[in-house]
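Participant: Take a look at my_file-v8.cif, mmCIF, C-alpha atoms and all ligand atoms:
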data_input
loop_
_atom_site.label_atom_id
_atom_site.label_comp_id
_atom_site.auth_asym_id
_atom_site.auth_seq_id
_atom_site.Cartn_x
_atom_site.Cartn_y
_atom_site.Cartn_z
CA MET A 1 -7.75 -4.29 31.04
CA ASN A 2 -5.33 -6.31 28.92
CA ASN A 3 -5.23 -7.02 25.16
CA HIS A 4 -7.53 -10.04 25.39
CA GLU A 5 -10.08 -8.27 27.55
CA TRP A 6 -10.26 -5.35 25.17
CA PHE A 7 -10.70 -7.69 22.22
CA ALA A 8 -13.58 -9.49 23.95
CA ARG A 9 -15.20 -6.13 24.71
CA ALA A 10 -14.64 -5.00 21.10
CA ARG A 11 -16.29 -8.08 19.65
CA ALA A 12 -19.50 -7.25 21.46
CA VAL A 13 -19.85 -3.91 19.69
CA MET A 14 -17.83 -4.18 16.46
CA PRO A 15 -18.01 -6.92 13.79
CA GLY A 16 -15.08 -9.24 14.42
CA GLY A 17 -13.95 -6.72 17.01
CA VAL A 18 -12.16 -4.61 14.39
CA ASN A 19 -12.55 -1.73 11.96
CA SER A 20 -10.54 -3.39 9.18
CA PRO A 21 -10.50 -7.18 8.77
CA VAL A 22 -6.76 -7.97 8.69
CA ARG A 23 -6.35 -6.42 12.14
CA ALA A 24 -8.22 -9.37 13.66
CA PHE A 25 -5.12 -11.61 13.19
CA LEU A 26 -7.27 -14.40 11.71
CA ALA A 27 -4.64 -15.24 9.07
CA VAL A 28 -2.08 -15.99 11.79
CA GLY A 29 -4.50 -17.49 14.28
CA GLY A 30 -3.55 -15.08 17.04
CA LYS A 31 -5.32 -12.28 18.83
CA PRO A 32 -4.82 -8.59 18.15
CA LEU A 33 -2.85 -6.26 20.37
CA TYR A 34 -4.40 -3.06 21.67
CA ILE A 35 -1.92 -0.30 20.99
CA ALA A 36 -1.58 2.31 23.67
CA ARG A 37 1.18 4.47 22.17
CA ALA A 38 3.86 4.51 19.53
CA GLY A 39 7.01 6.44 18.78
CA GLY A 40 9.77 6.03 16.22
CA ALA A 41 10.02 2.39 15.14
CA TRP A 42 8.30 1.11 18.31
CA ILE A 43 4.76 0.44 19.42
CA GLU A 44 3.52 -0.40 22.90
CA ASP A 45 0.38 -2.34 23.78
CA VAL A 46 -1.97 -1.91 26.73
CA ASN A 47 -0.13 -4.70 28.57
CA GLY A 48 3.00 -2.52 28.50
CA ASN A 49 4.88 -4.71 25.98
CA ARG A 50 7.06 -2.90 23.46
CA TYR A 51 7.61 -4.11 19.90
CA VAL A 52 9.75 -3.11 16.95
CA ASP A 53 7.04 -2.29 14.41
CA LEU A 54 7.39 -3.40 10.77
CA VAL A 55 3.72 -2.91 9.95
CA SER A 56 4.15 0.87 10.02
CA SER A 57 0.37 1.29 9.87
CA TRP A 58 0.50 -0.65 6.54
CA GLY A 59 2.79 1.86 4.88
CA PRO A 60 2.16 5.49 5.81
CA LEU A 61 4.85 5.80 8.48
CA ILE A 62 8.02 6.20 6.42
CA LEU A 63 9.24 8.63 9.10
CA GLY A 64 8.23 6.31 11.93
CA HIS A 65 5.52 6.89 14.55
CA ALA A 66 4.86 10.33 15.96
CA HIS A 67 7.70 12.10 14.15
CA PRO A 68 8.21 15.22 16.30
CA GLU A 69 8.02 17.70 13.42
CA VAL A 70 4.85 16.11 12.03
CA VAL A 71 3.21 15.96 15.46
CA GLU A 72 4.08 19.60 16.16
CA ALA A 73 2.63 20.71 12.82
CA VAL A 74 -0.54 18.71 13.48
CA ARG A 75 -0.91 20.19 16.98
CA GLU A 76 -0.63 23.67 15.60
CA ALA A 77 -3.07 22.98 12.75
CA ALA A 78 -5.62 21.40 15.11
CA GLY A 79 -5.68 24.59 17.15
CA LEU A 80 -6.67 26.52 14.04
CA GLY A 81 -9.76 24.40 13.43
CA LEU A 82 -10.32 20.72 12.66
CA THR A 83 -12.29 21.17 9.45
CA TYR A 84 -13.63 24.11 7.50
CA GLY A 85 -15.47 22.56 4.57
CA ALA A 86 -13.87 25.43 2.68
CA CYS A 87 -10.68 26.25 0.81
CA HIS A 88 -7.39 26.73 2.69
CA GLU A 89 -3.71 27.32 1.93
CA ASN A 90 -2.24 23.96 2.85
CA GLU A 91 -4.35 21.97 0.40
CA VAL A 92 -2.75 24.03 -2.37
CA ARG A 93 0.72 23.53 -0.90
CA LEU A 94 0.13 19.78 -0.65
CA ALA A 95 -1.01 19.48 -4.26
CA GLU A 96 2.10 21.46 -5.26
CA ALA A 97 4.35 19.22 -3.16
CA ILE A 98 2.85 16.16 -4.84
CA ARG A 99 3.51 17.64 -8.27
CA ARG A 100 7.11 18.53 -7.39
CA ALA A 101 7.78 14.87 -6.55
CA MET A 102 5.56 13.47 -9.30
CA PRO A 103 5.44 15.82 -12.29
CA HIS A 104 2.98 13.52 -14.09
CA ILE A 105 0.41 14.49 -11.44
CA GLU A 106 -0.28 17.80 -13.12
CA LYS A 107 -3.46 18.18 -11.11
CA ALA A 108 -4.63 16.29 -8.05
CA ARG A 109 -7.76 15.93 -5.99
CA LEU A 110 -7.46 15.20 -2.29
CA VAL A 111 -9.79 12.67 -0.71
CA SER A 112 -9.89 10.71 2.55
CA SER A 113 -8.88 7.12 1.71
CA GLY A 114 -7.18 5.06 -0.96
CA THR A 115 -10.47 3.27 -1.57
CA GLU A 116 -12.19 6.55 -2.30
CA ALA A 117 -9.38 7.67 -4.58
CA ALA A 118 -9.39 4.45 -6.62
CA MET A 119 -13.19 4.47 -6.98
CA SER A 120 -13.06 8.05 -8.16
CA VAL A 121 -10.39 7.23 -10.74
CA ALA A 122 -12.52 4.37 -12.09
CA ARG A 123 -15.41 6.78 -12.64
CA LEU A 124 -13.17 9.38 -14.21
CA ALA A 125 -11.55 6.83 -16.54
CA ARG A 126 -14.97 5.58 -17.64
CA ALA A 127 -16.16 9.11 -18.28
CA ALA A 128 -13.03 10.04 -20.18
CA THR A 129 -13.09 7.01 -22.47
CA GLY A 130 -16.84 6.41 -22.73
CA ARG A 131 -16.07 2.76 -21.87
CA ASP A 132 -17.28 0.65 -18.94
CA ALA A 133 -14.75 -2.13 -18.42
CA ILE A 134 -11.81 -2.13 -16.01
CA VAL A 135 -8.82 -4.47 -16.01
CA LYS A 136 -7.07 -5.31 -12.75
CA PHE A 137 -4.53 -7.96 -11.76
CA ARG A 138 -5.07 -11.05 -9.66
CA GLY A 139 -3.69 -10.35 -6.18
CA GLY A 140 -3.75 -6.59 -6.76
CA TYR A 141 -5.63 -4.43 -4.27
CA HIS A 142 -7.20 -1.08 -4.99
CA GLY A 143 -9.37 -0.66 -1.93
CA HIS A 144 -12.84 -2.12 -1.49
CA GLY A 145 -14.75 -0.39 -4.27
CA ASP A 146 -17.20 -2.78 -5.95
CA CYS A 147 -15.40 -2.83 -9.30
CA PHE A 148 -12.17 -3.99 -7.60
CA LEU A 149 -13.57 -6.77 -5.38
CA ILE A 150 -13.51 -9.14 -8.32
CA ASP A 151 -11.80 -12.50 -8.86
CA ALA A 152 -10.83 -14.00 -12.19
CA GLY A 153 -13.71 -15.63 -14.05
CA SER A 154 -13.69 -19.12 -15.53
CA GLY A 155 -11.42 -18.22 -18.43
CA ALA A 156 -8.73 -15.61 -18.75
CA LEU A 157 -10.74 -13.57 -21.25
CA THR A 158 -14.05 -13.64 -19.43
CA PHE A 159 -15.31 -11.04 -17.01
CA GLY A 160 -14.79 -11.69 -13.32
CA THR A 161 -16.86 -12.93 -10.41
CA PRO A 162 -17.55 -11.04 -7.17
CA SER A 163 -15.00 -11.77 -4.44
CA SER A 164 -17.38 -10.55 -1.74
CA PRO A 165 -21.07 -11.06 -1.13
CA GLY A 166 -22.88 -7.83 -1.88
CA VAL A 167 -20.86 -7.04 -4.99
CA THR A 168 -23.32 -7.32 -7.85
CA ARG A 169 -22.90 -9.53 -10.90
CA ALA A 170 -23.30 -6.31 -12.85
CA SER A 171 -20.12 -4.94 -11.23
CA ALA A 172 -18.30 -8.20 -11.89
CA ALA A 173 -19.43 -8.04 -15.50
CA GLU A 174 -17.38 -4.88 -15.94
CA THR A 175 -14.06 -6.05 -14.49
CA MET A 176 -11.57 -8.42 -16.07
CA VAL A 177 -8.67 -9.92 -14.18
CA ALA A 178 -5.21 -10.26 -15.73
CA GLU A 179 -2.02 -11.88 -14.40
CA TYR A 180 0.60 -9.63 -12.82
CA ASN A 181 3.94 -9.75 -14.64
CA ALA A 182 2.28 -11.51 -17.59
CA PRO A 183 1.70 -8.79 -20.17
CA GLU A 184 0.34 -11.33 -22.64
CA SER A 185 -2.71 -11.71 -20.36
CA VAL A 186 -3.45 -8.00 -20.78
CA ARG A 187 -2.71 -8.16 -24.50
CA SER A 188 -5.30 -10.88 -25.05
CA ILE A 189 -7.95 -9.18 -22.90
CA LEU A 190 -7.55 -5.90 -24.77
CA ALA A 191 -7.51 -7.66 -28.15
CA ALA A 192 -10.65 -9.65 -27.32
CA ASN A 193 -12.52 -6.54 -26.08
CA PRO A 194 -11.76 -3.76 -28.54
CA GLY A 195 -13.13 -0.38 -27.53
CA ARG A 196 -14.45 -1.67 -24.20
CA VAL A 197 -11.70 -1.24 -21.61
CA ALA A 198 -11.57 2.16 -19.90
CA ALA A 199 -8.50 1.56 -17.76
CA VAL A 200 -5.90 -0.90 -16.60
CA PHE A 201 -5.26 -0.55 -12.85
CA VAL A 202 -1.94 -1.84 -11.59
CA GLU A 203 0.16 -1.64 -8.44
CA PRO A 204 3.40 -0.86 -10.30
CA ALA A 205 5.32 -2.79 -7.65
CA ALA A 206 2.82 -5.15 -6.07
CA GLY A 207 2.45 -4.90 -2.30
CA ASN A 208 -0.78 -6.70 -1.55
CA MET A 209 0.18 -10.22 -2.64
CA GLY A 210 3.26 -9.75 -0.55
CA VAL A 211 5.89 -7.67 -2.30
CA VAL A 212 6.36 -8.66 -5.95
CA PRO A 213 8.48 -6.32 -8.07
CA PRO A 214 7.53 -5.69 -11.70
CA ALA A 215 9.37 -7.95 -14.15
CA ALA A 216 11.71 -6.22 -16.59
CA GLY A 217 9.64 -4.60 -19.35
CA PHE A 218 6.26 -5.32 -17.71
CA LEU A 219 5.28 -1.71 -17.01
CA GLU A 220 6.65 -0.56 -20.37
CA GLU A 221 4.52 -3.15 -22.09
CA LEU A 222 1.42 -2.07 -20.17
CA ARG A 223 2.12 1.50 -21.25
CA ASP A 224 2.45 0.46 -24.86
CA LEU A 225 -0.61 -1.83 -24.91
CA THR A 226 -2.93 0.66 -23.22
CA GLU A 227 -1.81 3.44 -25.53
CA ARG A 228 -2.51 1.33 -28.60
CA HIS A 229 -6.00 0.44 -27.36
CA GLY A 230 -7.06 3.92 -26.21
CA THR A 231 -7.17 2.58 -22.65
CA LEU A 232 -5.94 4.64 -19.70
CA LEU A 233 -3.09 3.32 -17.59
CA VAL A 234 -3.61 3.86 -13.85
CA PHE A 235 -0.81 3.32 -11.37
CA ASP A 236 -2.11 2.58 -7.90
CA GLU A 237 0.77 4.08 -5.91
CA VAL A 238 -1.02 4.09 -2.56
CA ILE A 239 1.86 2.03 -1.19
CA THR A 240 4.69 2.83 -3.59
CA GLY A 241 4.21 6.60 -3.81
CA PHE A 242 6.91 8.37 -1.74
CA ARG A 243 7.98 4.87 -0.59
CA ILE A 244 10.10 3.23 -3.32
CA ALA A 245 11.36 6.67 -4.39
CA ARG A 246 10.08 10.14 -3.66
CA GLY A 247 8.53 10.08 -7.12
CA GLY A 248 7.25 6.53 -6.55
CA ALA A 249 7.25 3.91 -9.29
CA VAL A 250 7.32 6.55 -12.01
CA GLU A 251 10.68 7.79 -10.77
CA ARG A 252 12.00 4.31 -10.05
CA TYR A 253 10.94 2.61 -13.29
CA GLY A 254 10.55 5.54 -15.69
CA VAL A 255 7.08 4.63 -16.94
CA ARG A 256 4.39 7.29 -16.82
CA PRO A 257 0.70 6.49 -16.28
CA ASP A 258 -2.24 8.66 -17.31
CA LEU A 259 -3.64 8.72 -13.79
CA ALA A 260 -2.33 7.71 -10.39
CA VAL A 261 -3.79 6.87 -7.00
CA LEU A 262 -1.98 7.96 -3.83
CA GLY A 263 -2.65 7.25 -0.15
CA LYS A 264 -0.79 6.14 2.96
CA ILE A 265 2.44 8.26 3.02
CA VAL A 266 0.77 11.22 1.30
CA GLY A 267 -1.41 11.65 4.41
CA GLY A 268 1.51 11.43 6.83
CA GLY A 269 -0.45 9.04 9.06
CA MET A 270 -3.73 10.95 8.92
CA PRO A 271 -6.77 9.99 6.81
CA LEU A 272 -5.88 11.53 3.47
CA ALA A 273 -5.41 10.16 -0.04
CA ALA A 274 -5.29 11.65 -3.50
CA PHE A 275 -5.64 10.93 -7.16
CA GLY A 276 -4.34 12.85 -10.09
CA GLY A 277 -2.55 12.86 -13.38
CA ARG A 278 -3.02 14.45 -16.79
CA ALA A 279 -4.63 17.87 -16.46
CA ASP A 280 -6.93 17.25 -19.44
CA LEU A 281 -8.38 14.23 -17.65
CA MET A 282 -8.50 15.79 -14.18
CA ASP A 283 -10.32 18.83 -15.58
CA MET A 284 -13.23 16.54 -16.40
CA LEU A 285 -14.01 16.48 -12.65
CA ALA A 286 -16.72 18.72 -11.21
CA PRO A 287 -16.85 21.67 -10.99
CA GLU A 288 -14.49 22.12 -13.98
CA GLY A 289 -16.22 19.25 -15.81
CA GLY A 290 -19.21 17.01 -15.34
CA VAL A 291 -17.75 13.99 -13.51
CA TYR A 292 -19.12 14.24 -9.98
CA GLN A 293 -16.77 13.71 -7.05
CA ALA A 294 -16.97 15.41 -3.65
CA GLY A 295 -16.22 15.05 0.06
CA THR A 296 -17.12 16.89 3.27
CA LEU A 297 -13.70 16.17 4.79
CA SER A 298 -11.71 16.13 1.51
CA GLY A 299 -8.49 18.09 1.89
CA ASN A 300 -9.01 18.19 5.66
CA PRO A 301 -6.76 20.95 7.05
CA VAL A 302 -5.18 18.82 9.80
CA SER A 303 -4.57 15.86 7.47
CA CYS A 304 -3.12 18.17 4.83
CA VAL A 305 -0.60 19.51 7.32
CA ALA A 306 0.48 15.97 8.33
CA GLY A 307 0.92 15.04 4.67
CA LEU A 308 2.61 18.28 3.72
CA LYS A 309 5.08 18.16 6.61
CA THR A 310 5.91 14.53 5.77
CA LEU A 311 6.51 15.33 2.09
CA GLU A 312 8.59 18.37 3.04
CA ILE A 313 10.79 16.25 5.31
CA LEU A 314 11.23 13.66 2.56
CA GLU A 315 12.17 16.43 0.13
CA ARG A 316 14.58 18.07 2.59
CA ASP A 317 16.26 14.93 3.96
CA ASN A 318 16.07 12.67 0.90
CA PRO A 319 16.29 9.47 3.02
CA TYR A 320 15.84 7.05 0.13
CA ALA A 321 19.45 5.96 -0.40
CA ALA A 322 19.87 5.34 3.33
CA LEU A 323 16.59 3.40 3.50
CA GLU A 324 17.70 1.29 0.54
CA ARG A 325 21.03 0.42 2.21
CA LYS A 326 19.35 -0.38 5.52
CA ALA A 327 16.75 -2.59 3.85
CA ASP A 328 19.38 -4.31 1.73
CA ARG A 329 21.42 -5.20 4.82
CA LEU A 330 18.34 -6.49 6.59
CA GLU A 331 17.28 -8.54 3.55
CA ARG A 332 20.70 -10.23 3.38
CA ALA A 333 20.69 -11.02 7.09
CA ILE A 334 17.15 -12.42 6.93
CA ALA A 335 18.04 -14.60 3.93
CA GLU A 336 21.27 -15.78 5.54
CA ALA A 337 19.44 -16.91 8.69
CA MET A 338 16.87 -18.69 6.51
CA ARG A 339 19.59 -20.51 4.56
CA LYS A 340 20.91 -21.99 7.78
CA THR A 341 17.51 -23.49 8.55
CA GLY A 342 17.28 -25.31 5.22
CA PHE A 343 13.64 -24.23 4.79
CA PRO A 344 12.84 -23.05 1.28
CA SER A 345 12.14 -19.30 1.40
CA THR A 346 12.66 -16.15 -0.56
CA VAL A 347 12.72 -12.43 0.17
CA ASN A 348 11.19 -10.00 -2.32
CA ARG A 349 12.15 -6.39 -1.71
CA VAL A 350 11.67 -3.05 -3.39
CA GLY A 351 13.39 -0.23 -1.53
CA SER A 352 12.20 -0.18 2.07
CA MET A 353 9.36 -2.70 1.60
CA TYR A 354 9.83 -6.45 1.62
CA THR A 355 8.13 -9.79 2.14
CA LEU A 356 9.77 -12.97 3.41
CA PHE A 357 7.88 -15.83 1.74
CA PHE A 358 8.06 -19.23 3.44
CA GLY A 359 7.99 -22.54 1.60
CA ILE A 360 8.86 -21.28 -1.90
CA LYS A 361 12.17 -20.49 -3.53
CA ARG A 362 10.97 -17.74 -5.88
CA ALA A 363 7.98 -15.41 -5.98
CA PRO A 364 8.07 -13.67 -9.35
CA ASP A 365 4.27 -13.41 -9.71
CA PHE A 366 0.97 -13.93 -7.90
CA ARG A 367 0.70 -17.57 -8.88
CA ALA A 368 4.01 -18.38 -7.17
CA ALA A 369 3.55 -16.04 -4.19
CA SER A 370 0.05 -17.32 -3.42
CA VAL A 371 1.27 -20.84 -2.59
CA ALA A 372 3.69 -19.62 0.09
CA ASP A 373 3.39 -21.49 3.39
CA ALA A 374 0.94 -19.36 5.39
CA ALA A 375 0.90 -21.85 8.29
CA LEU A 376 4.66 -21.63 8.71
CA TYR A 377 4.40 -17.84 8.51
CA ALA A 378 1.78 -17.89 11.28
CA ASP A 379 4.21 -19.81 13.48
CA TYR A 380 7.01 -17.35 12.65
CA HIS A 381 4.70 -14.41 13.31
CA ALA A 382 3.78 -15.69 16.79
CA LYS A 383 7.42 -16.33 17.69
CA MET A 384 8.49 -12.88 16.48
CA LEU A 385 5.70 -11.27 18.47
CA ALA A 386 6.81 -13.14 21.59
CA SER A 387 10.32 -11.74 21.02
CA GLY A 388 9.05 -8.19 20.65
CA VAL A 389 8.73 -7.78 16.88
CA TYR A 390 5.40 -6.74 15.37
CA LEU A 391 4.98 -8.12 11.84
CA PRO A 392 2.00 -7.99 9.49
CA PRO A 393 -0.51 -10.63 10.59
CA SER A 394 -0.52 -12.29 7.15
CA GLN A 395 2.05 -13.91 4.86
CA PHE A 396 0.75 -11.85 1.94
CA GLU A 397 1.57 -8.37 3.19
CA ALA A 398 4.62 -6.13 3.12
CA CYS A 399 6.97 -5.18 5.94
CA PHE A 400 7.90 -1.50 5.91
CA LEU A 401 11.06 0.09 7.26
CA SER A 402 11.08 3.70 8.37
CA THR A 403 13.78 6.29 8.85
CA ALA A 404 13.36 5.61 12.59
CA PHE A 405 14.45 1.98 12.15
CA GLY A 406 18.08 2.10 13.27
CA ALA A 407 20.84 -0.20 14.42
CA ALA A 408 19.17 -1.03 17.75
CA GLU A 409 15.95 -2.01 15.98
CA ALA A 410 17.83 -4.07 13.39
CA ASP A 411 19.67 -5.94 16.16
CA ARG A 412 16.47 -6.61 18.05
CA PHE A 413 14.81 -7.77 14.84
CA LEU A 414 17.63 -10.08 13.74
CA ASP A 415 18.04 -11.66 17.18
CA ALA A 416 14.32 -12.42 17.18
CA HIS A 417 14.44 -13.65 13.59
CA GLU A 418 17.33 -16.05 14.16
CA LYS A 419 15.69 -17.41 17.27
CA ALA A 420 12.28 -17.75 15.59
CA VAL A 421 13.46 -19.51 12.44
CA GLY A 422 15.73 -21.75 14.51
CA GLU A 423 12.64 -23.01 16.38
CA LEU A 424 10.31 -23.47 13.38
C1 LIG B 501 -4.06 0.41 1.14
C2 LIG B 501 -4.29 0.36 -0.33
C3 LIG B 501 -5.45 0.89 -0.92
C4 LIG B 501 -6.63 1.34 -0.11
O1 LIG B 501 -6.36 2.44 0.66
P1 LIG B 501 -7.27 2.69 1.97
O2 LIG B 501 -6.82 4.02 2.46
O3 LIG B 501 -7.01 1.55 2.88
O4 LIG B 501 -8.69 2.71 1.50
C5 LIG B 501 -5.51 0.94 -2.29
N1 LIG B 501 -4.50 0.50 -3.06
C6 LIG B 501 -3.39 -0.02 -2.54
C7 LIG B 501 -2.29 -0.46 -3.44
C8 LIG B 501 -3.26 -0.14 -1.15
O5 LIG B 501 -2.17 -0.73 -0.63
#
Starting from the file, lay out its structure as structure tokens.
Facilitator:
Amino acid sequence: MNNHEWFARARAVMPGGVNSPVRAFLAVGGKPLYIARAGGAWIEDVNGNRYVDLVSSWGPLILGHAHPEVVEAVREAAGLGLTYGACHENEVRLAEAIRRAMPHIEKARLVSSGTEAAMSVARLARAATGRDAIVKFRGGYHGHGDCFLIDAGSGALTFGTPSSPGVTRASAAETMVAEYNAPESVRSILAANPGRVAAVFVEPAAGNMGVVPPAAGFLEELRDLTERHGTLLVFDEVITGFRIARGGAVERYGVRPDLAVLGKIVGGGMPLAAFGGRADLMDMLAPEGGVYQAGTLSGNPVSCVAGLKTLEILERDNPYAALERKADRLERAIAEAMRKTGFPSTVNRVGSMYTLFFGIKRAPDFRAASVADAALYADYHAKMLASGVYLPPSQFEACFLSTAFGAAEADRFLDAHEKAVGEL
């Protein structure tokens, strides 16, 4: 059976044929590939086609697919039992490894997905402050918890509206939506709602509107504003943690949140996420405190080993400077090829994550990024795929480089890129 046959079969038994919507390729008008195997920077579909992979499972695979040391550790752990529902050594080691890289995460709780981690932080922040409201940014993503599936309301200072059917008006009535890289939008929301906002959630470097780095002073101003209003600052580092530096955005930008959400890399490719931060806040969680939070598979022993081995390799090899150089070279080459075409475009990059936006010359915020030319991107995406490069099936996502992305992969990528943009 080929890709198309599998997709037809999938659609009969799974909504849209997928287990997560973006995988259906709707935003680029194509059809999904069925992946048979992956190794290093490459994936192979059931038709036997090989692709240089810049999706990297949406971020976790900073060491590339099936890193031999990670796979070996997982094999060994699996043989010792897939889940215990009880305490084990490697969950302690993983929490310690997180704290070594991110000293502001004094205590952590391990969960199974970024969505679960962000939802748990919202509850904890509400409990800690005795307030109900949450502020998030337009174009920011914190998983699919009800309080995050909210669009901006009619006016900047009003509460939001549900962005999905099934999210109640009551949920929307507790979330306000600010503008990323516009601290004045947060200032006015906090000023207009004194004593009501529990937490401001932010992707410190945005990844889910396409990559948009924080403007100079933006995170500092969020820190200052939240402190003055008794509001907690939450960094959603599900993408940026262990990606843009080992210590994530906190290391890279020097601003410290009260609480942080981790996922993706921290699980080393297995289903594992975490949240953590100030010990006084984290100790409000059950059983130490009264805020309920639990999970049958939380701290799963096999997932913990994948995460721990990944963090240990990052600590041992410190690949960040090399990743930065590699990504910088790629960014320049991509931009140079675009310049020759005469199409307006811009590349936003933070470390080893980047987005090439079509049709716009700058993307400093969500407003600018959101009008990028998605149709042109779809065309580019299809041409890249035909040349053996697997890109995110949406203009508004990030490409991720891994340590496995070497000179051969860069050549393959740039040949495909020059050809694709030459034919747009
Ligand atoms: C992926 C992501 C999440 C959600 O994580 P899942 O594991 O997919 O639930 C939350 N926040 C950010 C910033 C993400 O990129």
Participant: Using only C-alpha atoms and all ligand atoms, can you tell me which of A:Ala170, A:Val121, A:Leu414, A:Met282 comes closest to ligand LIG 501 (chain B)?
Facilitator: A:Val121
Participant: Give as a list in words the residues surrounding ligand LIG 501 (chain B) up to a distance of 7 Å, considering all atoms listed in the file.
Facilitator: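 Taking all atoms listed in the file into account, the residues around ligand LIG 501 (chain B) at most 7 Å away are Ser113, Gly114, Thr115, Glu116, Ala118, Tyr141, His142, Gly143, Glu203, Gly207, Asn208, Asp236, Glu237, Val238, Ile239, Gly263, Lys264 and Ala273 of chain A.
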Participant: Near Met384 in chain A, counting all atoms listed in the file, which residues have an atom at most 9 Å away, once you skip same-chain residues fewer than 2 positions from it, shown as a tab-separated table (two decimals) with C-alpha atoms, in the coordinates of the input?
Facilitator:
chain	number	residue	atom	x	y	z
A	379	ASP	CA	4.21	-19.81	13.48
A	380	TYR	CA	7.01	-17.35	12.65
A	381	HIS	CA	4.70	-14.41	13.31
A	382	ALA	CA	3.78	-15.69	16.79
A	386	ALA	CA	6.81	-13.14	21.59
A	387	SER	CA	10.32	-11.74	21.02
A	388	GLY	CA	9.05	-8.19	20.65
A	389	VAL	CA	8.73	-7.78	16.88
A	390	TYR	CA	5.40	-6.74	15.37
A	391	LEU	CA	4.98	-8.12	11.84
A	413	PHE	CA	14.81	-7.77	14.84
A	416	ALA	CA	14.32	-12.42	17.18
A	417	HIS	CA	14.44	-13.65	13.59
A	419	LYS	CA	15.69	-17.41	17.27
A	420	ALA	CA	12.28	-17.75	15.59
Participant: At a cut-off of 10 Å, using only C-alpha atoms, what residues contact Pro214 in chain A? Leave out same-chain residues fewer than 3 positions from it and give the result as a VMD selection string.
Facilitator: chain A and resid 180 to 182 203 to 206 211 217 to 219 249 253 350 364 to 365
Participant: Would you mind reading off the distance between CA of Met209 in chain A and CA of Glu397 in chain A, one decimal, in Å?
Facilitator: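 Straight-line distance from CA of Met209 in chain A to CA of Glu397 in chain A works out to 6.3 Å.
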Participant: For a test of reading the model, state the distance in Å between CA of Ala279 in chain A and CA of Glu174 in chain A, rounded to one decimal.
Facilitator: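 CA of Glu174 in chain A lies at a distance of 26.1 Å from CA of Ala279 in chain A.
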Participant: Expressed in Å to a single decimal, how great is the separation between CA of Cys87 in chain A and CA of Val71 in chain A?
Facilitator: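 Those two atoms sit 22.7 Å apart.
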Participant: From the list A:Glu184, A:Gly277, A:Thr240, A:Cys147, which residue is nearest Arg169 in chain A when using only C-alpha atoms?
Facilitator: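 Distance minimum relative to Arg169 in chain A lands on A:Cys147.
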Participant: Residues within 12 Å of Glu5 in chain A, please, as a list in words. Count all atoms listed in the file; anything in the same chain fewer than 2 positions from it doesn't count.
Facilitator: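 Counting only the stated atoms, we get Met1, Asn2, Asn3, Phe7, Ala8, Arg9, Ala10, Arg11, Ala12, Gly17, Lys31, Pro32, Leu33, Tyr34, Val46 and Asn47 of chain A.
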Participant: Please produce a file of the residues just selected, as a PDB file, in the coordinates of the input, where the atoms kept are C-alpha atoms.
Facilitator:
ATOM      1  CA  MET A   1      -7.750  -4.290  31.040  1.00  0.00           C
ATOM      2  CA  ASN A   2      -5.330  -6.310  28.920  1.00  0.00           C
ATOM      3  CA  ASN A   3      -5.230  -7.020  25.160  1.00  0.00           C
ATOM      4  CA  PHE A   7     -10.700  -7.690  22.220  1.00  0.00           C
ATOM      5  CA  ALA A   8     -13.580  -9.490  23.950  1.00  0.00           C
ATOM      6  CA  ARG A   9     -15.200  -6.130  24.710  1.00  0.00           C
ATOM      7  CA  ALA A  10     -14.640  -5.000  21.100  1.00  0.00           C
ATOM      8  CA  ARG A  11     -16.290  -8.080  19.650  1.00  0.00           C
ATOM      9  CA  ALA A  12     -19.500  -7.250  21.460  1.00  0.00           C
ATOM     10  CA  GLY A  17     -13.950  -6.720  17.010  1.00  0.00           C
ATOM     11  CA  LYS A  31      -5.320 -12.280  18.830  1.00  0.00           C
ATOM     12  CA  PRO A  32      -4.820  -8.590  18.150  1.00  0.00           C
ATOM     13  CA  LEU A  33      -2.850  -6.260  20.370  1.00  0.00           C
ATOM     14  CA  TYR A  34      -4.400  -3.060  21.670  1.00  0.00           C
ATOM     15  CA  VAL A  46      -1.970  -1.910  26.730  1.00  0.00           C
ATOM     16  CA  ASN A  47      -0.130  -4.700  28.570  1.00  0.00           C
TER      17      ASN A  47
END
Participant: Give the answer as one residue: which of A:Ser185, A:Thr226, A:Ser120, A:Ser303 has the shortest atom-to-atom distance to Val261 in chain A, using only C-alpha atoms?
Facilitator: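 So, comparing all the options, the nearest one is A:Ser120.
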Participant: Considering all atoms listed in the file, return as a list in words whatever protein or nucleic-acid residues lie within 12 Å of Gly85 in chain A, sequence-local ones (same chain, fewer than 4 positions apart) excluded.
Facilitator: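 Everything that qualifies: Gly81, Glu91, Ala294, Gly295, Thr296, Leu297, Ser298, Gly299, Asn300 and Pro301 of chain A.
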Participant: Skipping near chain neighbours, those fewer than 6 positions away, what residues fall within 8 Å of range 51-57 of chain A using all atoms listed in the file, listed as a list in words?
Facilitator: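 Here the qualifying residues turn out to be Ala41, Trp42, Ile43, Glu44, Gly64, His65, Gly269, Leu385, Gly388, Val389, Tyr390, Leu391, Pro392, Ala398, Cys399, Phe400, Leu401, Ser402, Glu409, Arg412 and Phe413 of chain A.
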Participant: Using only C-alpha atoms, list the residues that have an atom at most 12 Å from (18.3, 9.5, 6.3), coordinates as in the file, as a VMD selection string.
Facilitator: chain A and resid 62 to 64 313 to 326 401 to 406
Participant: At a cut-off of 9 Å around the point (3.0, -16.5, -5.3) (file coordinates), what residues fall inside when counting all atoms listed in the file? I'd like the answer as JSON, numbers by chain.
Facilitator: {"A": [209, 210, 212, 357, 360, 362, 363, 364, 365, 366, 367, 368, 369, 370, 371, 372, 396]}
